[in-house]
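Visitor: Just data_17.cif, nothing more (mmCIF, C-alpha atoms):
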```
data_upload
#
loop_
_atom_site.label_atom_id
_atom_site.label_comp_id
_atom_site.auth_asym_id
_atom_site.auth_seq_id
_atom_site.Cartn_x
_atom_site.Cartn_y
_atom_site.Cartn_z
CA MET M 1 44.41 42.67 186.98
CA ILE M 2 42.43 40.69 184.43
CA PHE M 3 40.52 37.41 184.60
CA ALA M 4 40.89 34.51 182.17
CA ASN M 5 37.40 33.18 183.10
CA PRO M 6 35.45 36.26 184.21
CA HIS M 7 32.07 34.51 183.88
CA TYR M 8 32.83 32.57 187.07
CA LEU M 9 32.54 35.83 189.01
CA TYR M 10 28.76 35.56 188.68
CA LEU M 11 28.98 32.78 191.29
CA LEU M 12 29.57 35.53 193.88
CA LEU M 13 25.82 36.13 193.74
CA LEU M 14 25.38 32.81 195.53
CA LEU M 15 26.72 34.45 198.70
CA ILE M 16 23.52 36.46 199.05
CA PRO M 17 21.18 33.47 199.73
CA LEU M 18 23.85 31.97 202.03
CA VAL M 19 23.87 35.13 204.17
CA ILE M 20 20.06 35.20 204.28
CA TRP M 21 19.95 31.53 205.30
CA TYR M 22 22.45 32.20 208.10
CA ILE M 23 20.40 35.11 209.47
CA PHE M 24 17.21 33.06 209.60
CA ARG M 25 19.06 30.12 211.10
CA MET M 26 20.48 32.26 213.91
CA ARG M 27 17.07 33.71 214.71
CA ASN M 28 15.54 30.26 214.99
CA LYS M 29 18.30 29.12 217.31
CA GLN M 30 17.65 31.88 219.90
CA ALA M 31 16.36 30.29 223.14
CA SER M 32 13.33 31.68 224.97
CA LEU M 33 12.37 31.44 228.66
CA GLN M 34 9.03 32.37 230.22
CA VAL M 35 9.26 34.11 233.66
CA SER M 36 6.67 35.81 235.88
CA ALA M 37 8.65 39.02 236.44
CA MET M 38 11.60 40.88 234.82
CA GLU M 39 13.01 42.62 237.90
CA ALA M 40 15.93 40.19 238.12
CA PHE M 41 17.05 41.22 234.64
CA ASP M 42 16.87 44.97 235.09
CA THR M 43 20.52 45.35 236.04
CA PRO M 44 22.47 45.77 232.77
CA LYS M 45 25.17 43.19 232.16
CA ALA M 46 28.36 43.89 230.30
CA THR M 47 28.43 42.29 226.83
CA THR M 48 31.53 40.20 226.39
CA LEU M 49 33.81 40.20 223.36
CA LYS M 50 32.86 36.61 222.71
CA VAL M 51 29.26 37.67 222.05
CA TYR M 52 30.39 40.19 219.44
CA MET M 53 32.67 37.68 217.77
CA ARG M 54 30.22 34.76 217.55
CA HIS M 55 29.53 35.50 213.85
CA LEU M 56 33.23 35.64 212.94
CA PRO M 57 33.54 31.98 211.76
CA PHE M 58 30.69 32.47 209.31
CA VAL M 59 32.24 35.72 208.02
CA LEU M 60 35.58 33.96 207.55
CA ARG M 61 33.91 31.13 205.64
CA MET M 62 32.07 33.56 203.32
CA ILE M 63 35.30 35.42 202.57
CA ALA M 64 37.02 32.10 201.81
CA VAL M 65 34.20 31.05 199.46
CA ALA M 66 34.36 34.43 197.69
CA LEU M 67 38.12 34.09 197.24
CA MET M 68 37.74 30.55 195.86
CA ILE M 69 35.30 31.87 193.26
CA VAL M 70 37.82 34.58 192.33
CA ILE M 71 40.48 31.86 191.97
CA LEU M 72 38.18 29.96 189.58
CA ALA M 73 38.01 33.12 187.46
CA ARG M 74 41.84 32.89 187.13
CA PRO M 75 43.15 36.35 188.06
CA GLN M 76 46.16 37.35 185.97
CA SER M 77 48.52 40.29 185.87
CA THR M 78 49.70 41.53 182.50
CA ASN M 79 52.49 43.76 181.32
CA SER M 80 52.31 44.66 177.64
CA TRP M 81 53.29 47.31 175.18
CA ASP M 82 52.44 47.49 171.50
CA THR M 83 53.96 49.79 168.91
CA ARG M 84 52.34 49.18 165.55
CA SER M 85 52.82 50.89 162.22
CA THR M 86 50.88 49.09 159.51
CA GLU M 87 49.62 49.70 156.03
CA GLY M 88 46.84 47.07 155.87
CA ILE M 89 47.32 44.47 153.14
CA ASP M 90 44.45 42.88 151.23
CA ILE M 91 45.24 39.71 149.28
CA MET M 92 43.07 37.94 146.74
CA LEU M 93 44.14 34.39 145.91
CA THR M 94 43.19 33.43 142.36
CA ILE M 95 43.56 29.72 141.63
CA ASP M 96 43.15 27.71 138.45
CA ILE M 97 40.90 24.65 139.02
CA SER M 98 40.82 23.39 135.45
CA GLY M 99 41.11 19.69 134.66
CA SER M 100 44.84 19.95 133.96
CA MET M 101 45.39 20.84 137.64
CA LEU M 102 44.83 17.13 138.39
CA ALA M 103 48.23 16.29 136.86
CA GLU M 104 50.43 14.58 139.42
CA ASP M 105 53.83 16.14 138.85
CA LEU M 106 53.12 17.78 142.23
CA LYS M 107 51.83 15.53 145.00
CA PRO M 108 49.11 14.44 145.40
CA ASN M 109 48.28 16.65 142.39
CA ARG M 110 48.73 20.29 141.38
CA LEU M 111 45.42 21.50 142.78
CA GLU M 112 45.75 19.82 146.19
CA ALA M 113 49.36 20.96 146.48
CA ALA M 114 48.27 24.53 145.67
CA LYS M 115 45.48 24.35 148.28
CA ASN M 116 47.79 23.01 150.99
CA VAL M 117 50.49 25.62 150.45
CA ALA M 118 47.95 28.44 150.19
CA ALA M 119 46.37 27.31 153.48
CA SER M 120 49.76 27.59 155.21
CA PHE M 121 50.19 31.03 153.67
CA ILE M 122 46.78 32.12 155.05
CA ASN M 123 47.60 30.82 158.54
CA GLY M 124 50.79 32.87 158.52
CA ARG M 125 48.96 36.16 157.89
CA PRO M 126 46.32 36.47 160.64
CA ASN M 127 46.04 40.28 160.34
CA ASP M 128 45.29 40.48 156.60
CA ASN M 129 42.06 40.50 154.64
CA ILE M 130 42.28 37.52 152.28
CA GLY M 131 39.79 36.32 149.67
CA LEU M 132 39.59 33.52 147.11
CA VAL M 133 38.66 33.49 143.42
CA VAL M 134 38.67 30.28 141.38
CA PHE M 135 38.58 29.92 137.62
CA SER M 136 38.67 27.42 134.80
CA GLY M 137 36.45 28.05 131.76
CA GLU M 138 34.54 30.53 133.96
CA SER M 139 35.33 32.35 137.18
CA PHE M 140 33.56 33.01 140.45
CA THR M 141 34.33 34.27 143.94
CA GLN M 142 34.60 31.41 146.44
CA CYS M 143 35.17 33.82 149.35
CA PRO M 144 35.25 37.64 149.44
CA LEU M 145 37.92 39.48 151.41
CA THR M 146 37.70 38.49 155.07
CA THR M 147 39.73 38.37 158.27
CA ASP M 148 37.76 35.28 159.36
CA HIS M 149 40.36 32.85 158.11
CA ALA M 150 38.60 29.85 159.63
CA VAL M 151 35.69 30.40 157.24
CA LEU M 152 38.08 30.99 154.35
CA LEU M 153 39.95 27.75 155.02
CA ASN M 154 36.70 25.80 155.21
CA LEU M 155 35.67 27.19 151.82
CA PHE M 156 39.15 26.36 150.52
CA LYS M 157 38.56 22.68 151.26
CA ASP M 158 35.44 22.68 149.08
CA ILE M 159 37.08 23.69 145.82
CA HIS M 160 37.76 20.93 143.31
CA SER M 161 38.28 20.50 139.62
CA GLY M 162 35.04 20.17 137.66
CA MET M 163 32.92 22.40 139.89
CA ILE M 164 32.63 24.85 136.98
CA GLU M 165 32.99 24.53 133.20
CA ASP M 166 36.44 23.38 132.14
CA GLY M 167 38.96 25.54 130.33
CA THR M 168 41.53 28.18 131.32
CA ALA M 169 40.18 31.73 131.48
CA ILE M 170 43.16 33.48 133.05
CA GLY M 171 41.98 36.94 132.03
CA LEU M 172 38.51 36.36 133.42
CA GLY M 173 39.86 35.01 136.70
CA LEU M 174 42.20 37.99 137.08
CA ALA M 175 39.48 40.49 136.20
CA ASN M 176 37.16 38.92 138.77
CA ALA M 177 39.86 39.22 141.45
CA VAL M 178 40.45 42.86 140.52
CA SER M 179 36.74 43.63 140.84
CA ARG M 180 36.73 42.10 144.32
CA ILE M 181 39.72 44.02 145.63
CA LYS M 182 39.66 47.35 143.75
CA ASP M 183 37.35 49.11 146.25
CA SER M 184 39.43 48.11 149.26
CA ASN M 185 40.74 50.91 151.47
CA ALA M 186 43.94 49.03 152.26
CA LYS M 187 47.24 50.74 151.53
CA SER M 188 48.48 47.65 149.71
CA ARG M 189 46.40 45.37 147.47
CA VAL M 190 47.80 42.15 146.06
CA ILE M 191 46.58 39.35 143.80
CA ILE M 192 48.34 35.97 143.70
CA LEU M 193 47.37 34.20 140.48
CA LEU M 194 48.22 30.52 140.09
CA THR M 195 47.71 28.58 136.85
CA ASP M 196 49.18 25.67 134.92
CA GLY M 197 48.09 26.55 131.40
CA SER M 198 47.45 29.13 128.71
CA ASN M 199 44.43 31.37 128.33
CA ASN M 200 41.90 29.68 126.02
CA ARG M 201 38.54 30.87 127.33
CA GLY M 202 36.81 34.03 128.47
CA GLU M 203 36.02 37.41 126.98
CA ILE M 204 38.85 39.28 128.72
CA ALA M 205 42.47 38.92 127.66
CA PRO M 206 44.99 38.40 130.49
CA VAL M 207 47.01 41.48 129.53
CA THR M 208 43.83 43.60 129.48
CA ALA M 209 42.99 42.41 133.00
CA ALA M 210 46.54 43.26 134.05
CA GLU M 211 46.15 46.79 132.72
CA ILE M 212 42.95 47.15 134.74
CA ALA M 213 44.80 45.95 137.85
CA LYS M 214 47.55 48.49 137.22
CA THR M 215 44.93 51.27 136.98
CA PHE M 216 43.79 50.48 140.52
CA GLY M 217 47.32 50.12 141.87
CA ILE M 218 47.03 46.36 142.41
CA ARG M 219 50.16 44.21 142.28
CA VAL M 220 49.82 40.76 140.73
CA TYR M 221 52.17 37.90 141.54
CA THR M 222 51.83 35.13 138.97
CA ILE M 223 52.77 31.49 139.54
CA GLY M 224 53.12 28.91 136.78
CA VAL M 225 52.74 25.46 138.32
CA GLY M 226 53.95 22.31 136.58
CA THR M 227 57.13 20.42 135.81
CA ARG M 228 59.09 21.04 132.64
CA GLY M 229 58.40 18.70 129.75
CA GLU M 230 55.66 16.17 130.47
CA ALA M 231 53.60 15.33 133.53
CA PRO M 232 51.60 12.20 134.49
CA TYR M 233 47.86 12.76 134.16
CA PRO M 234 45.13 10.34 135.36
CA PHE M 235 42.58 9.36 132.69
CA GLN M 236 39.39 7.52 133.59
CA THR M 237 38.90 4.43 131.41
CA ALA M 238 36.58 1.45 131.41
CA PHE M 239 39.33 -0.45 133.22
CA GLY M 240 39.90 2.19 135.88
CA ILE M 241 42.32 5.08 136.08
CA LYS M 242 45.23 4.97 133.63
CA TYR M 243 48.14 7.42 133.68
CA GLN M 244 49.54 9.06 130.59
CA ASN M 245 52.24 11.68 130.24
CA VAL M 246 50.91 14.92 128.77
CA PRO M 247 52.87 18.04 127.69
CA VAL M 248 53.10 20.88 130.22
CA ASP M 249 51.98 24.05 128.44
CA ILE M 250 52.31 27.17 130.58
CA ASP M 251 52.11 30.57 128.91
CA GLU M 252 55.07 31.98 130.79
CA PRO M 253 55.51 35.07 128.58
CA THR M 254 51.96 36.22 129.37
CA LEU M 255 52.32 35.50 133.09
CA LYS M 256 55.59 37.43 133.15
CA GLN M 257 53.94 40.30 131.31
CA ILE M 258 51.06 40.41 133.80
CA ALA M 259 53.52 40.60 136.70
CA SER M 260 55.65 43.22 134.96
CA ILE M 261 52.70 45.48 134.13
CA THR M 262 51.40 45.49 137.71
CA GLY M 263 54.75 45.70 139.53
CA GLY M 264 54.59 42.11 140.74
CA GLN M 265 56.78 39.12 139.98
CA TYR M 266 56.52 35.81 138.11
CA PHE M 267 57.47 32.46 139.69
CA ARG M 268 57.68 28.92 138.34
CA ALA M 269 56.80 26.01 140.63
CA THR M 270 57.99 22.65 139.33
CA ASP M 271 57.40 20.65 142.55
CA ASN M 272 55.91 20.96 146.02
CA ALA M 273 59.06 22.39 147.57
CA SER M 274 59.43 25.16 145.00
CA LEU M 275 55.74 26.06 145.31
CA LYS M 276 56.10 26.35 149.07
CA SER M 277 59.23 28.51 148.75
CA ILE M 278 57.40 30.80 146.30
CA TYR M 279 54.62 31.50 148.79
CA GLN M 280 57.23 32.05 151.52
CA GLU M 281 59.03 34.56 149.30
CA ILE M 282 55.80 36.43 148.53
CA ASP M 283 54.98 36.34 152.23
CA GLN M 284 58.28 37.99 153.12
CA MET M 285 58.04 40.62 150.38
CA GLU M 286 54.58 41.71 151.45
CA LYS M 287 55.42 41.65 155.15
CA THR M 288 57.80 44.56 154.56
CA LYS M 289 54.64 46.67 154.51
CA ILE M 290 53.92 45.85 158.16
CA SER M 291 56.07 46.82 161.15
CA VAL M 292 54.80 45.49 164.48
CA GLN M 293 56.50 45.50 167.88
CA GLN M 294 54.51 43.72 170.53
CA TYR M 295 55.28 42.43 173.99
CA SER M 296 52.82 40.73 176.27
CA LYS M 297 53.34 38.77 179.48
CA LYS M 298 50.60 37.24 181.60
CA GLN M 299 51.17 35.77 185.04
CA GLU M 300 48.73 33.75 187.11
CA GLU M 301 47.96 35.44 190.44
CA TYR M 302 45.94 32.74 192.20
CA MET M 303 48.64 31.54 194.60
CA PRO M 304 48.42 34.41 197.18
CA LEU M 305 44.62 34.05 197.17
CA ALA M 306 44.86 30.28 197.61
CA LEU M 307 47.14 30.72 200.63
CA LEU M 308 44.74 33.27 202.08
CA VAL M 309 41.80 30.86 201.62
CA PHE M 310 43.75 28.16 203.45
CA ALA M 311 44.56 30.54 206.30
CA LEU M 312 40.95 31.71 206.64
CA LEU M 313 39.57 28.16 206.72
CA LEU M 314 42.19 27.12 209.27
CA LEU M 315 41.36 30.13 211.48
CA GLU M 316 37.64 29.37 211.22
CA LEU M 317 38.24 25.76 212.22
CA LEU M 318 40.31 26.79 215.24
CA LEU M 319 37.77 29.37 216.43
CA ARG M 320 34.83 26.97 216.08
CA ASN M 321 36.57 24.32 218.16
CA THR M 322 38.16 26.54 220.80
CA TRP M 323 37.19 30.05 221.87
CA LEU M 324 33.91 30.29 219.89
CA ARG M 325 32.87 26.72 220.41
CA ASN M 326 29.12 26.21 220.75
CA ILE M 327 27.98 23.82 223.48
CA PRO M 328 24.59 22.28 222.68
#
```
What would you get if you wrote out this structure as structure tokens?
Guide:
Amino acid sequence: MIFANPHYLYLLLLLIPLVIWYIFRMRNKQASLQVSAMEAFDTPKATTLKVYMRHLPFVLRMIAVALMIVILARPQSTNSWDTRSTEGIDIMLTIDISGSMLAEDLKPNRLEAAKNVAASFINGRPNDNIGLVVFSGESFTQCPLTTDHAVLLNLFKDIHSGMIEDGTAIGLGLANAVSRIKDSNAKSRVIILLTDGSNNRGEIAPVTAAEIAKTFGIRVYTIGVGTRGEAPYPFQTAFGIKYQNVPVDIDEPTLKQIASITGGQYFRATDNASLKSIYQEIDQMEKTKISVQQYSKKQEEYMPLALLVFALLLLELLLRNTWLRNIP
């Protein structure tokens, strides 16, 4: 037996002052009679059952109150079994936030589409440690590995293009993610790197960062995001935002090489649907590392107690107005 709202059980302490109040009340109600001699009362009289039972209505009411408090605590029965064999998975999301991620070949743009799909991916993996690294011309850790996905998702909302120096430092972003996940004790460590360009900044080459990841046994899944050919990009002008088609330049050979070196896989996302399917595919591949069988069933158990409360109150009412009725 478990309780959904166990804090309500503290209300049972209120029964103590009620009992004390009843005792004092009964003492004050005892009648007294002054007589000149006690000889007439010397003969012992048999005590009737009714005298012994005069406190029964109060006892019934206290039991009913106690049961109502237990009902408020929502008693539940549970039958559950759990067979779990897991290799803990740690995942570091590494996302490009350079200016080119504002291109609108994905809707509303590449960066927002990447954030939305990644958020769904996070919500689907409640048991994993997940962190977030962002990069453009530089790289920094937006959120270290955590199982508190509510915090992670809040930090996810805050990332935007322009928050750090522009550029595309793929190697630096990957190296930062490796440094954040390399000391993890998880059996499986994964980096998902998403970018829409070619490495043009940073002191670390992408392939060098991939070799470092391989040394620590970290798999890297790479995603190139952007349509093929040209994509509409919003430019700020004196007359407002104007759109112009710009070439999509993704260094697919390097991204494929990174994935190959680390035992991961390369994907190309040309629209929102393909990006979502990529994350779903990665999700399924990495879930093969976890085998969980779980069954849990909870059932509310208040009904028998509620019927008992009704019966007790009805019995108290009958006794007070019949056999144990007090005549003023």
Visitor: Hey, which of M:Asn245, M:Glu301, M:Ile261, M:Lys256 ends up closest to Asp105 (chain M)? Count all atoms listed in the file.
Guide: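 Between M:Asn245, M:Glu301, M:Ile261, M:Lys256, the residue approaching Asp105 (chain M) most closely is M:Asn245.
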Visitor: Rank nothing, just name the residue among M:Pro144, M:Gly137, M:Gly217, M:Pro234 nearest to Arg201 (chain M), using all atoms listed in the file.
Guide: M:Gly137
Visitor: Could you check which of M:Asn321, M:Met92, M:Phe156, M:Leu9 is closest to Asn116 (chain M), using all atoms listed in the file?
Guide: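 Answer, going by the shortest atom-to-atom distance: M:Phe156.
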Visitor: Show me, as a list in words, the residues that have an atom within 10 Å of region 273-279 of chain M when counting all atoms listed in the file, minus same-chain residues fewer than 6 positions from it.
Guide: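 Skipping anything fewer than 6 positions along the chain leaves Leu106, Arg110, Ala113, Ala114, Asn116, Val117, Ala118, Ser120, Phe121, Ile192, Tyr221, Ile223, Gly224, Val225, Gly226, Tyr266, Phe267 and Met285 of chain M.
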Visitor: Identify all residues satisfying the PyMOL selection byres ((chain M and resi 195) around 6) in the given file; provide them as a PDB file with C-alpha atoms, in the coordinates of the input.
Guide:
```
ATOM      1  CA  ASP M  96      43.150  27.710 138.450  1.00  0.00           C
ATOM      2  CA  LEU M 194      48.220  30.520 140.090  1.00  0.00           C
ATOM      3  CA  ASP M 196      49.180  25.670 134.920  1.00  0.00           C
ATOM      4  CA  GLY M 197      48.090  26.550 131.400  1.00  0.00           C
ATOM      5  CA  GLY M 224      53.120  28.910 136.780  1.00  0.00           C
TER       6      GLY M 224
END
```
Visitor: Just how far from CA of Gln142 (chain M) is CA of Asp251 (chain M), in Å to one decimal?
Guide: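 About the pair CA of Asp251 (chain M) and CA of Gln142 (chain M): they are 24.8 Å apart.
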Visitor: Just how far from CA of Phe58 (chain M) is CA of Thr322 (chain M), in Å to one decimal?
Guide: 14.9 Å
Visitor: Kindly give the distance, in Å, that separates CA of Asn127 (chain M) and CA of Thr147 (chain M), rounded to a single decimal.
Guide: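 Here the two named atoms are 6.9 Å from each other.
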Visitor: With distances taken over all atoms listed in the file, which of M:Gly264, M:Glu138, M:Ala119, M:Gly171 is nearest to Ile218 (chain M)?
Guide: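 Nearest candidate to Ile218 (chain M) out of M:Gly264, M:Glu138, M:Ala119, M:Gly171: M:Gly264.
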Visitor: Could you write out as a PyMOL selection string the residues that the PyMOL selection byres ((chain M and resi 166) around 7) matches in the shown file?
Guide: chain M and resi 98-99+136-137+162+164-165+167
Visitor: Output the residue selection produced by the PyMOL selection byres ((chain M and resi 309) around 12) on the file above, formatted as number ranges by chain.
Guide: M: 60-71, 302-308, 310-316
Visitor: Using all atoms listed in the file, which of the listed residues (M:Glu112, M:Met26, M:Asn123, M:Cys143) sits closest to His55 (chain M)?
Guide: M:Met26
Visitor: May I ask which of the residues M:Ile91, M:Ala210, M:Leu172, M:Leu319 is the closest one to Ile191 (chain M), counting all atoms listed in the file?
Guide: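 Between M:Ile91, M:Ala210, M:Leu172, M:Leu319, the residue approaching Ile191 (chain M) most closely is M:Ile91.
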Visitor: Produce region 91-115 of chain M of the given structure as output with N, CA, C and O atoms, as a PDB file, in the first residue's frame.
Guide:
```
ATOM      1  N   ILE M  91      25.159  11.590 -24.239  1.00  0.00           N
ATOM      2  CA  ILE M  91      25.055  12.209 -25.567  1.00  0.00           C
ATOM      3  C   ILE M  91      25.364  13.694 -25.459  1.00  0.00           C
ATOM      4  O   ILE M  91      24.781  14.393 -24.632  1.00  0.00           O
ATOM      5  N   MET M  92      26.263  14.158 -26.286  1.00  0.00           N
ATOM      6  CA  MET M  92      26.573  15.584 -26.350  1.00  0.00           C
ATOM      7  C   MET M  92      26.112  16.120 -27.710  1.00  0.00           C
ATOM      8  O   MET M  92      26.620  15.702 -28.757  1.00  0.00           O
ATOM      9  N   LEU M  93      25.119  17.009 -27.680  1.00  0.00           N
ATOM     10  CA  LEU M  93      24.660  17.653 -28.904  1.00  0.00           C
ATOM     11  C   LEU M  93      25.567  18.829 -29.221  1.00  0.00           C
ATOM     12  O   LEU M  93      25.843  19.659 -28.354  1.00  0.00           O
ATOM     13  N   THR M  94      26.039  18.897 -30.450  1.00  0.00           N
ATOM     14  CA  THR M  94      26.973  19.949 -30.860  1.00  0.00           C
ATOM     15  C   THR M  94      26.381  20.639 -32.085  1.00  0.00           C
ATOM     16  O   THR M  94      26.309  20.051 -33.171  1.00  0.00           O
ATOM     17  N   ILE M  95      25.952  21.883 -31.900  1.00  0.00           N
ATOM     18  CA  ILE M  95      25.140  22.550 -32.929  1.00  0.00           C
ATOM     19  C   ILE M  95      25.814  23.830 -33.423  1.00  0.00           C
ATOM     20  O   ILE M  95      26.269  24.660 -32.632  1.00  0.00           O
ATOM     21  N   ASP M  96      25.845  23.964 -34.722  1.00  0.00           N
ATOM     22  CA  ASP M  96      26.364  25.149 -35.403  1.00  0.00           C
ATOM     23  C   ASP M  96      25.343  26.287 -35.239  1.00  0.00           C
ATOM     24  O   ASP M  96      24.162  26.122 -35.542  1.00  0.00           O
ATOM     25  N   ILE M  97      25.802  27.453 -34.747  1.00  0.00           N
ATOM     26  CA  ILE M  97      24.896  28.612 -34.621  1.00  0.00           C
ATOM     27  C   ILE M  97      25.436  29.799 -35.423  1.00  0.00           C
ATOM     28  O   ILE M  97      25.152  30.954 -35.111  1.00  0.00           O
ATOM     29  N   SER M  98      26.191  29.503 -36.450  1.00  0.00           N
ATOM     30  CA  SER M  98      26.741  30.569 -37.291  1.00  0.00           C
ATOM     31  C   SER M  98      25.630  31.285 -38.051  1.00  0.00           C
ATOM     32  O   SER M  98      24.481  30.823 -38.109  1.00  0.00           O
ATOM     33  N   GLY M  99      25.969  32.425 -38.646  1.00  0.00           N
ATOM     34  CA  GLY M  99      24.982  33.236 -39.342  1.00  0.00           C
ATOM     35  C   GLY M  99      24.278  32.500 -40.465  1.00  0.00           C
ATOM     36  O   GLY M  99      23.089  32.745 -40.724  1.00  0.00           O
ATOM     37  N   SER M 100      24.957  31.572 -41.118  1.00  0.00           N
ATOM     38  CA  SER M 100      24.341  30.850 -42.229  1.00  0.00           C
ATOM     39  C   SER M 100      23.192  29.952 -41.767  1.00  0.00           C
ATOM     40  O   SER M 100      22.366  29.541 -42.588  1.00  0.00           O
ATOM     41  N   MET M 101      23.125  29.663 -40.460  1.00  0.00           N
ATOM     42  CA  MET M 101      22.036  28.824 -39.942  1.00  0.00           C
ATOM     43  C   MET M 101      20.693  29.561 -39.942  1.00  0.00           C
ATOM     44  O   MET M 101      19.667  28.986 -39.627  1.00  0.00           O
ATOM     45  N   LEU M 102      20.716  30.851 -40.321  1.00  0.00           N
ATOM     46  CA  LEU M 102      19.469  31.607 -40.444  1.00  0.00           C
ATOM     47  C   LEU M 102      18.824  31.438 -41.811  1.00  0.00           C
ATOM     48  O   LEU M 102      17.737  31.969 -42.058  1.00  0.00           O
ATOM     49  N   ALA M 103      19.467  30.717 -42.721  1.00  0.00           N
ATOM     50  CA  ALA M 103      18.879  30.451 -44.033  1.00  0.00           C
ATOM     51  C   ALA M 103      17.557  29.721 -43.849  1.00  0.00           C
ATOM     52  O   ALA M 103      17.383  28.913 -42.936  1.00  0.00           O
ATOM     53  N   GLU M 104      16.603  30.000 -44.729  1.00  0.00           N
ATOM     54  CA  GLU M 104      15.243  29.526 -44.532  1.00  0.00           C
ATOM     55  C   GLU M 104      14.829  28.432 -45.500  1.00  0.00           C
ATOM     56  O   GLU M 104      13.664  28.319 -45.883  1.00  0.00           O
ATOM     57  N   ASP M 105      15.784  27.573 -45.880  1.00  0.00           N
ATOM     58  CA  ASP M 105      15.402  26.390 -46.643  1.00  0.00           C
ATOM     59  C   ASP M 105      14.715  25.374 -45.731  1.00  0.00           C
ATOM     60  O   ASP M 105      13.926  24.552 -46.182  1.00  0.00           O
ATOM     61  N   LEU M 106      14.991  25.421 -44.418  1.00  0.00           N
ATOM     62  CA  LEU M 106      14.208  24.725 -43.416  1.00  0.00           C
ATOM     63  C   LEU M 106      13.374  25.776 -42.691  1.00  0.00           C
ATOM     64  O   LEU M 106      13.780  26.934 -42.597  1.00  0.00           O
ATOM     65  N   LYS M 107      12.235  25.405 -42.174  1.00  0.00           N
ATOM     66  CA  LYS M 107      11.311  26.373 -41.593  1.00  0.00           C
ATOM     67  C   LYS M 107      11.278  26.277 -40.076  1.00  0.00           C
ATOM     68  O   LYS M 107      11.262  25.178 -39.534  1.00  0.00           O
ATOM     69  N   PRO M 108      11.254  27.410 -39.358  1.00  0.00           N
ATOM     70  CA  PRO M 108      11.312  28.782 -39.888  1.00  0.00           C
ATOM     71  C   PRO M 108      12.714  29.144 -40.394  1.00  0.00           C
ATOM     72  O   PRO M 108      12.854  29.995 -41.233  1.00  0.00           O
ATOM     73  N   ASN M 109      13.750  28.526 -39.875  1.00  0.00           N
ATOM     74  CA  ASN M 109      15.101  28.601 -40.428  1.00  0.00           C
ATOM     75  C   ASN M 109      15.868  27.386 -39.924  1.00  0.00           C
ATOM     76  O   ASN M 109      15.366  26.586 -39.117  1.00  0.00           O
ATOM     77  N   ARG M 110      17.088  27.218 -40.392  1.00  0.00           N
ATOM     78  CA  ARG M 110      17.852  26.009 -40.051  1.00  0.00           C
ATOM     79  C   ARG M 110      18.056  25.865 -38.545  1.00  0.00           C
ATOM     80  O   ARG M 110      17.906  24.777 -37.981  1.00  0.00           O
ATOM     81  N   LEU M 111      18.416  26.958 -37.886  1.00  0.00           N
ATOM     82  CA  LEU M 111      18.726  26.885 -36.462  1.00  0.00           C
ATOM     83  C   LEU M 111      17.493  26.524 -35.642  1.00  0.00           C
ATOM     84  O   LEU M 111      17.542  25.648 -34.770  1.00  0.00           O
ATOM     85  N   GLU M 112      16.363  27.190 -35.901  1.00  0.00           N
ATOM     86  CA  GLU M 112      15.150  26.901 -35.136  1.00  0.00           C
ATOM     87  C   GLU M 112      14.648  25.494 -35.416  1.00  0.00           C
ATOM     88  O   GLU M 112      14.153  24.805 -34.506  1.00  0.00           O
ATOM     89  N   ALA M 113      14.770  25.050 -36.665  1.00  0.00           N
ATOM     90  CA  ALA M 113      14.365  23.679 -36.994  1.00  0.00           C
ATOM     91  C   ALA M 113      15.245  22.684 -36.244  1.00  0.00           C
ATOM     92  O   ALA M 113      14.753  21.684 -35.697  1.00  0.00           O
ATOM     93  N   ALA M 114      16.549  22.955 -36.179  1.00  0.00           N
ATOM     94  CA  ALA M 114      17.474  22.072 -35.461  1.00  0.00           C
ATOM     95  C   ALA M 114      17.144  22.042 -33.971  1.00  0.00           C
ATOM     96  O   ALA M 114      17.185  20.984 -33.332  1.00  0.00           O
ATOM     97  N   LYS M 115      16.805  23.200 -33.395  1.00  0.00           N
ATOM     98  CA  LYS M 115      16.457  23.263 -31.972  1.00  0.00           C
ATOM     99  C   LYS M 115      15.172  22.485 -31.682  1.00  0.00           C
ATOM    100  O   LYS M 115      15.090  21.741 -30.689  1.00  0.00           O
TER     101      LYS M 115
END
```
